[in-house]
Protein chains: 2
Amino acid sequence: MAEFGRSVPRLEARAKVTGRAEYTHTMRLPGMLHGKIFRSTVAHGRIKSIDTSAAAKIPGVHGVFTADDIRRVIPDPYYGPAFHDQPILAMDKVRFVGEPVAVVVASDPHIAEAAVHEIVAEYEDLPAVYDEVEAMTSTAYVHEQLRPAGSFADLKHLKGVKSTNLALAARLRRGDVDKAFASAAHVFEHTFRTQKCLHLAFEPFASIADACDSSITIYTSSQGPSFVRAEIARLLGWSQNQVRIKVPFLGGGYGSKLYIKLEALVTALSLLTRRPVKIALTMEEQFYQITKHPSTLRIKTGVDKSGRITARQCEVFWNGGAYADVGPRVTHKSGFVAAGPYDIENVAIDSYALYTNMTPAGALRGFGIPQLAWAYESHTDMIARALKLDPVAFRRLNLLREGRPHASGTILRDAPLEEVLDRLCERLNWSAPFDRGSSAIRRGRGVAIALKAAISPTTSVAIINVSADGSVTLYVGTVDMGQGSDTGLAQIAGEALNVPAETVRVVPRDTDVTPYDMGTLGSRSLFHMGNAIRIAAEEVRAKIAALAREVGEPEGSNTPMAELFKKKYGMLAGNIIGTGTYKPDYTPAEHETGQSTNITPFWMIGGAGVEVEVDTETGQVRILKLVNVIDCGTPINPRIVETQISGAALMQLGFTMFEKMHLDAGQVTNASLADYKIPGFFDVPEVMVNEAVEAYQHNAPFGAKGAGESATLCVSPAIANAIDDAVGVRLMELPLTPEAVLRALRSKAGAPLEEA
Amino acid sequence: MAEFGRSVPRLEARAKVTGRAEYTHTMRLPGMLHGKIFRSTVAHGRIKSIDTSAAAKIPGVHGVFTADDIRRVIPDPYYGPAFHDQPILAMDKVRFVGEPVAVVVASDPHIAEAAVHEIVAEYEDLPAVYDEVEAMTSTAYVHEQLRPAGSFADLKHLKGVKSTNLALAARLRRGDVDKAFASAAHVFEHTFRTQKCLHLAFEPFASIADACDSSITIYTSSQGPSFVRAEIARLLGWSQNQVRIKVPFLGGGYGSKLYIKLEALVTALSLLTRRPVKIALTMEEQFYQITKHPSTLRIKTGVDKSGRITARQCEVFWNGGAYADVGPRVTHKSGFVAAGPYDIENVAIDSYALYTNMTPAGALRGFGIPQLAWAYESHTDMIARALKLDPVAFRRLNLLREGRPHASGTILRDAPLEEVLDRLCERLNWSAPFDRGSSAIRRGRGVAIALKAAISPTTSVAIINVSADGSVTLYVGTVDMGQGSDTGLAQIAGEALNVPAETVRVVPRDTDVTPYDMGTLGSRSLFHMGNAIRIAAEEVRAKIAALAREVGEPEGSNTPMAELFKKKYGMLAGNIIGTGTYKPDYTPAEHETGQSTNITPFWMIGGAGVEVEVDTETGQVRILKLVNVIDCGTPINPRIVETQISGAALMQLGFTMFEKMHLDAGQVTNASLADYKIPGFFDVPEVMVNEAVEAYQHNAPFGAKGAGESATLCVSPAIANAIDDAVGVRLMELPLTPEAVLRALRSKAGAPLEEA
């Protein structure tokens, strides 16, 4: 175990700090043209006309293209990972403000930008819908019919359904909640909401396509090169080996850079212009690409006299925006675990994916679980308070134990919920007396705990190539977007082959080179790709042993690789190549109940504890201490795990305290970093604790699993619980702004805040 | 056999004719600097001083570097495939006119060029040697001591030898030539010479290095990326996975772009400047990089009364120039077959690699065999004429038959010498009456036949990756330099996997991506890499069969790949990857005799027949008809084979008729394409026949072997033999210029040509 538990510095650190690391956003190709997008100004409307004539006349403009042009090279230009519902450019109608309607291609991005302003489009307004609950019953239909794809296309009841905004309804049933509620000592019911906010990677979306005859190379800032390759091949009607996706380093992703974003558009433009074409969005344009799901969660819980939760019912409404993106999968997969990390006999969950006339929503660091945990861990605290139970004790009483079935039907394994909760209490000094502040400045504290299932089943393939001098090259499609996967995966390869991680070369992601991987998402890479690497390394070791036998080395002799190669080939020649494919076991859910005995190959656990100070005169909340404890099995690289925990927690802190896209009739009114605040240095809590418990995931490579999302899960409810603890007000909607706190305080005092 | 015998159009044809194909010569990297070389003006001299101060002052010049600078980043800057004797820049002394002494690096190649003219160097002249036979005994030593490397370093008697220009003496002994000569009915002895000429690829040498911290990427016009990687790693003291060699298409190679050419120099410059640095030679500079070996061959043959050759002795002197490059290997390997394709009981061969003060010599399309065949097939014809035997009948009588041991000791297998000779006679209509011309214009005809062993043992590795949609990607290090290897190898993969070659993607050569290959040289690729592909395809087929079983397909069902993947992974996910390593069996030569029972995995056979018209008043020779017949096993792609035969024959036609580097005290006096004539359209013979006999190489992939060199072997002697047949003069030295013919005619008539 030489490579494990060692905080190997990031392999790419030097390239990044010296500016040598390559990003799509700064790449240029010879002869490259630049595209700029003309976007819809209405939320829902029929396109009456698009006048591109003035734009086309501007010197330097190579062409102005609309959906009609796109269809000349891609006849059926609808894409998407779950539904094929999103057109490359708007066709016939627009469905959200900011939707791409036309695109200018010019020799220079500034010329393209100027020309975009010369385009004039006329729309016939259509009724629009924005709220996810209203969308269930609204007759303002965003789509004329459902276009499910992939495994969703196999769900016959979805095929071609018309007149609905409900893209998907997923359900889970265990026991009989109605009976349990009827016999419960107490029943609690609350409704929580989350806001629309977004990923805002510091490298905005950027893609370059270079089409040449019957092949195309796309350079793109993507978390999922294998998906992009398959989807572009499908759109073009080509085979996968005609499509090459190259992904340099990413300046962040967080779930935004998955599936198709700009790739299909630049593909069409390169085919139309026969030149490389780049589109790189501005920071502001990111508000029109993909967001987190706003959501409404109605949660109802029955508790018996001893404080045991006997029943829980959840209704989750996911606001998917105008196009499904991966929303139906978020709806389905996160639905499974909406009842939280508790041992509950009777569970009923309904999870609804809804279309609305807003920027599409996708996965954002947690695949829906942060929204769910916000609701159920606020709710759990409210019950404990109502029952006058210590919130930690109430949780401990109800926590799911190792070996017990989760509501989904899957047995809990390698999921140390209690250890995480214990460590939280320890770091918060929970049992010690707590200074609750005085007069206007009140103090409080809160905890929350949650679990997440991995998306399953998904596949990863790894190749390891040992050169004749014994040096190791690793081929993985996992995208290093700042999380340190190159380093972590090199450590797994190094551990398996007994070489230092620093000497392992990780080849840049390129679908011509790095084999299939489902995508860098959902904290799946370390486990799935790690297992693929482990399998590949086993093949390498077996081949080395065979080579040693072949050249007559005695069993167990530790002859250097270079010597073995030289004995076999007479010189430094040849390679030893091992390949590994990993796909975990999985049991499909039973149709009627939605239950499965194996929904996930591993569980992720996150717990948060906070101490806050609330200024009752201003509503201002200061985070004095933020503790995040997670389970990631055996940490490979403690330093990277720590930065993943703190990064996730701070990102969620922004979503909790202030981030929100404000919309007015579908128009984003704060689409800039001047108006949309993200956490800055002064927002970092005074004390931050970022820890992983000691654990071991038995089916994982050397016991390790992902750590990227777990610290996002519980920050929001822990803070809301701490605010309640401090000042006795309960906020039911994110973000927890000073205004919201103040309104709640005034309302509690019987004096609602006057509008200014 | 769907893919075999099908003239699939070149996969890269469209990219090449549309100008989209990438060449190193036209590549640019951001921030790239350009290097220009300051070269020695003396053939042999001690460097007294180099004044770079004026050059360094020119605006735009980033630096002027000499050997002292190189040693700051590469302490021991000597490289070479056989001997580590060549410094990156001249150290202490210069050994040939044109040797790199200093280099200017500037923002623009024209600035660098101008600055080079400002450099002043002073040399102390040393005695020089130019002739290979003189070099044997000259005391003008080119090197202070021998620096053998690799397998040559294992030859203890070479290590550190001083005061010699003899780099290597190789020998082969079979039977007892002295005894056989003593008892022979006739003994013939002649000496033949070949000139200094060169490859002259239409894309001159070009390399770009981009060094970054502890890794480097080199873009280079190279036939041997794996060698370059290993040698640069050795020079830097790095591991191989820190060095990446990317090779785009090549505008020709012919053996010139092997081993290290500009790669070590640009590596040092990029490390020194911390910028990408490119050096691209001009056409003229190619005269100072690498050439064909001039040679002298003394050949002596004993013949019995029946016309059977009983003994042959060869002494070959190879003029290697100032640095060994691959010369010692040419000396050694071609030495084996210097006695020709005949069944001779007593053979003695001595083959000498010599240093002289000229541009280094390497392999040029035939690895020395064209020089040898020129001699032995001229000699064979002279014997037949002297014995008044038909030259074809004399050859047929002595030809080595299938199953008989070659002089080297290796049994002849799959080497249809008789079929090649028969086909030649057929195409020349040899037995029919021949119009011999009249008065001043005389006609003649001649034939020649030769065989070549492959360089052995060498290793190739191939990877085949099948994507989830069933499309196939092929990873090979074989460099497509115009010979059509991408297409031919795709056909082998297609044949093995039952897919059309046009659908196979061949990934560009990149040592981070394409596995080890010894090099694209010596017609080895189709056989060696073809076998590696065959092995990789077998693994792929086995894995597909296993996958089919796993997903429950009945045995023998022909379910499409995409279906199998979908059944296994639930979507278009995963890969099937097969790898193949091929290294033929080989028996090392016995030390005393040089014999081996297995010197080559396959034999190459080339035969040429010509009809010429000689103008006895001018010495002008017109080639009326040039027939080349080769054995390449089963032709994979008949059209490519045909163009390989015609291309090789025309290249050798230039070396035969007019190409020659003229030297004056070591100074090349015709170092330009204006003064050094290569074949043009008007030099193409009126009738050209390019054919391969029907054959099958049993250990080859689907019976196929290489075709790139075989038609170079016999063009020179066939033409000389035809001239002799036409006008009764025998030329003993190449090229066969009108002046040489006229001199010989006058000399024969007793009237030597007066100097003009």
# chains A, B, ... in the order shown; residues from 1 in each chain; ligands from 1
>>> residues_around(residues="range 81-96 of chain B", least_positions_apart="2", cutoff="7 Å", atoms="only C-alpha atoms", output="PyMOL selection string")
chain B and resi 40+42-47+66-67+77-79+98-102+142+147-150+152+259+264-265+322-326+328+357-359+666
>>> residues_around(residues="range 498-506 of chain A", least_positions_apart="3", cutoff="6 Å", atoms="only C-alpha atoms", output="PDB file with C-alpha atoms, in the first residue's frame")
ATOM      1  CA  VAL A 472       3.732   3.033 -17.359  1.00  0.00           C
ATOM      2  CA  THR A 473       1.146   4.867 -19.446  1.00  0.00           C
ATOM      3  CA  LEU A 474      -2.486   4.945 -18.404  1.00  0.00           C
ATOM      4  CA  ALA A 490      -2.363   7.209 -11.354  1.00  0.00           C
ATOM      5  CA  GLN A 491      -2.133   6.288  -7.671  1.00  0.00           C
ATOM      6  CA  GLY A 494       0.843   2.806  -9.211  1.00  0.00           C
ATOM      7  CA  GLU A 495      -0.486   0.825  -6.260  1.00  0.00           C
TER       8      GLU A 495
END
>>> residues_around(residues="His34 in chain B", least_positions_apart="5", cutoff="6 Å", atoms="only C-alpha atoms", output="list in words")
Val105, Ala106, Asp108, Pro109, Val277, Lys278 and Ile279 of chain B
>>> write_last_selection(atoms="N, CA, C and O atoms", output="short mmCIF file (atom, residue, chain, number, x, y, z; two decimals), in the first residue's frame")
data_model
loop_
_atom_site.label_atom_id
_atom_site.label_comp_id
_atom_site.auth_asym_id
_atom_site.auth_seq_id
_atom_site.Cartn_x
_atom_site.Cartn_y
_atom_site.Cartn_z
N VAL B 105 18.41 30.39 -33.17
CA VAL B 105 16.98 30.25 -32.93
C VAL B 105 16.37 31.64 -32.93
O VAL B 105 16.83 32.53 -32.22
N ALA B 106 15.35 31.80 -33.78
CA ALA B 106 14.75 33.13 -33.94
C ALA B 106 13.25 33.00 -34.09
O ALA B 106 12.71 31.92 -34.28
N ASP B 108 11.56 33.95 -36.48
CA ASP B 108 11.18 33.78 -37.87
C ASP B 108 12.33 33.05 -38.58
O ASP B 108 13.51 33.34 -38.32
N PRO B 109 12.02 32.12 -39.46
CA PRO B 109 13.10 31.35 -40.08
C PRO B 109 14.02 32.21 -40.94
O PRO B 109 15.21 31.92 -41.07
N VAL B 277 10.43 24.63 -30.59
CA VAL B 277 11.42 25.01 -31.60
C VAL B 277 11.32 24.06 -32.79
O VAL B 277 11.25 22.85 -32.63
N LYS B 278 11.30 24.65 -33.97
CA LYS B 278 11.21 23.87 -35.20
C LYS B 278 12.46 24.07 -36.04
O LYS B 278 12.97 25.19 -36.15
N ILE B 279 12.92 22.97 -36.59
CA ILE B 279 13.93 23.09 -37.65
C ILE B 279 13.42 22.32 -38.85
O ILE B 279 13.05 21.15 -38.74
#
>>> atom_distance(atom1="CA of Met732 in chain B", atom2="CA of Phe192 in chain B")
4.9 Å
>>> closest_atom_pairs(of="chain B", to="chain A", cutoff="8 Å", atoms="only C-alpha atoms", output="tab-separated table")
residue	atom	partner	partner_atom	distance
B:Arg14	CA	A:Asp213	CA	7.9
B:Ala15	CA	A:Cys212	CA	7.9
B:Arg20	CA	A:Cys212	CA	7.7
B:Gly150	CA	A:Met571	CA	7.3
B:Ser151	CA	A:Met571	CA	7.7
B:Cys212	CA	A:Arg20	CA	7.7
B:Asp213	CA	A:Arg14	CA	7.9
B:Ala230	CA	A:Leu572	CA	7.8
B:Ser239	CA	A:Ser471	CA	6.2
B:Gln240	CA	A:Ser471	CA	6.3
B:Asn241	CA	A:Ser471	CA	5.8
B:Gln242	CA	A:Arg505	CA	7.3
B:Pro457	CA	A:Tyr569	CA	7.8
B:Thr458	CA	A:Tyr569	CA	7.5
B:Thr459	CA	A:Gly574	CA	6.4
B:Ser460	CA	A:Gly574	CA	6.9
B:Val461	CA	A:Gly574	CA	6.5
B:Ser467	CA	A:Gln240	CA	6.9
B:Asp469	CA	A:Gln240	CA	6.7
B:Ser471	CA	A:Asn241	CA	5.8
B:Val472	CA	A:Asn241	CA	6.7
B:Thr473	CA	A:Asn241	CA	6.4
B:Val504	CA	A:Asn241	CA	7.8
B:Arg505	CA	A:Asn241	CA	6.2
B:Val507	CA	A:Asp512	CA	7.0
B:Asp512	CA	A:Val507	CA	7.0
B:Val513	CA	A:Val513	CA	6.0
B:Pro515	CA	A:Asn575	CA	6.8
B:Tyr516	CA	A:Gly574	CA	5.3
B:Asp517	CA	A:Gly574	CA	7.2
B:Met518	CA	A:Ala573	CA	7.1
B:Tyr569	CA	A:Thr459	CA	7.1
B:Gly570	CA	A:Ser151	CA	7.9
B:Met571	CA	A:Gly150	CA	7.3
B:Leu572	CA	A:Ala230	CA	7.8
B:Ala573	CA	A:Tyr516	CA	6.7
B:Gly574	CA	A:Tyr516	CA	5.3
B:Asn575	CA	A:Tyr516	CA	6.2
B:Ile577	CA	A:Thr579	CA	7.2
B:Thr579	CA	A:Ile577	CA	7.2
B:Thr581	CA	A:Gly574	CA	7.3
B:Lys583	CA	A:Tyr569	CA	7.6
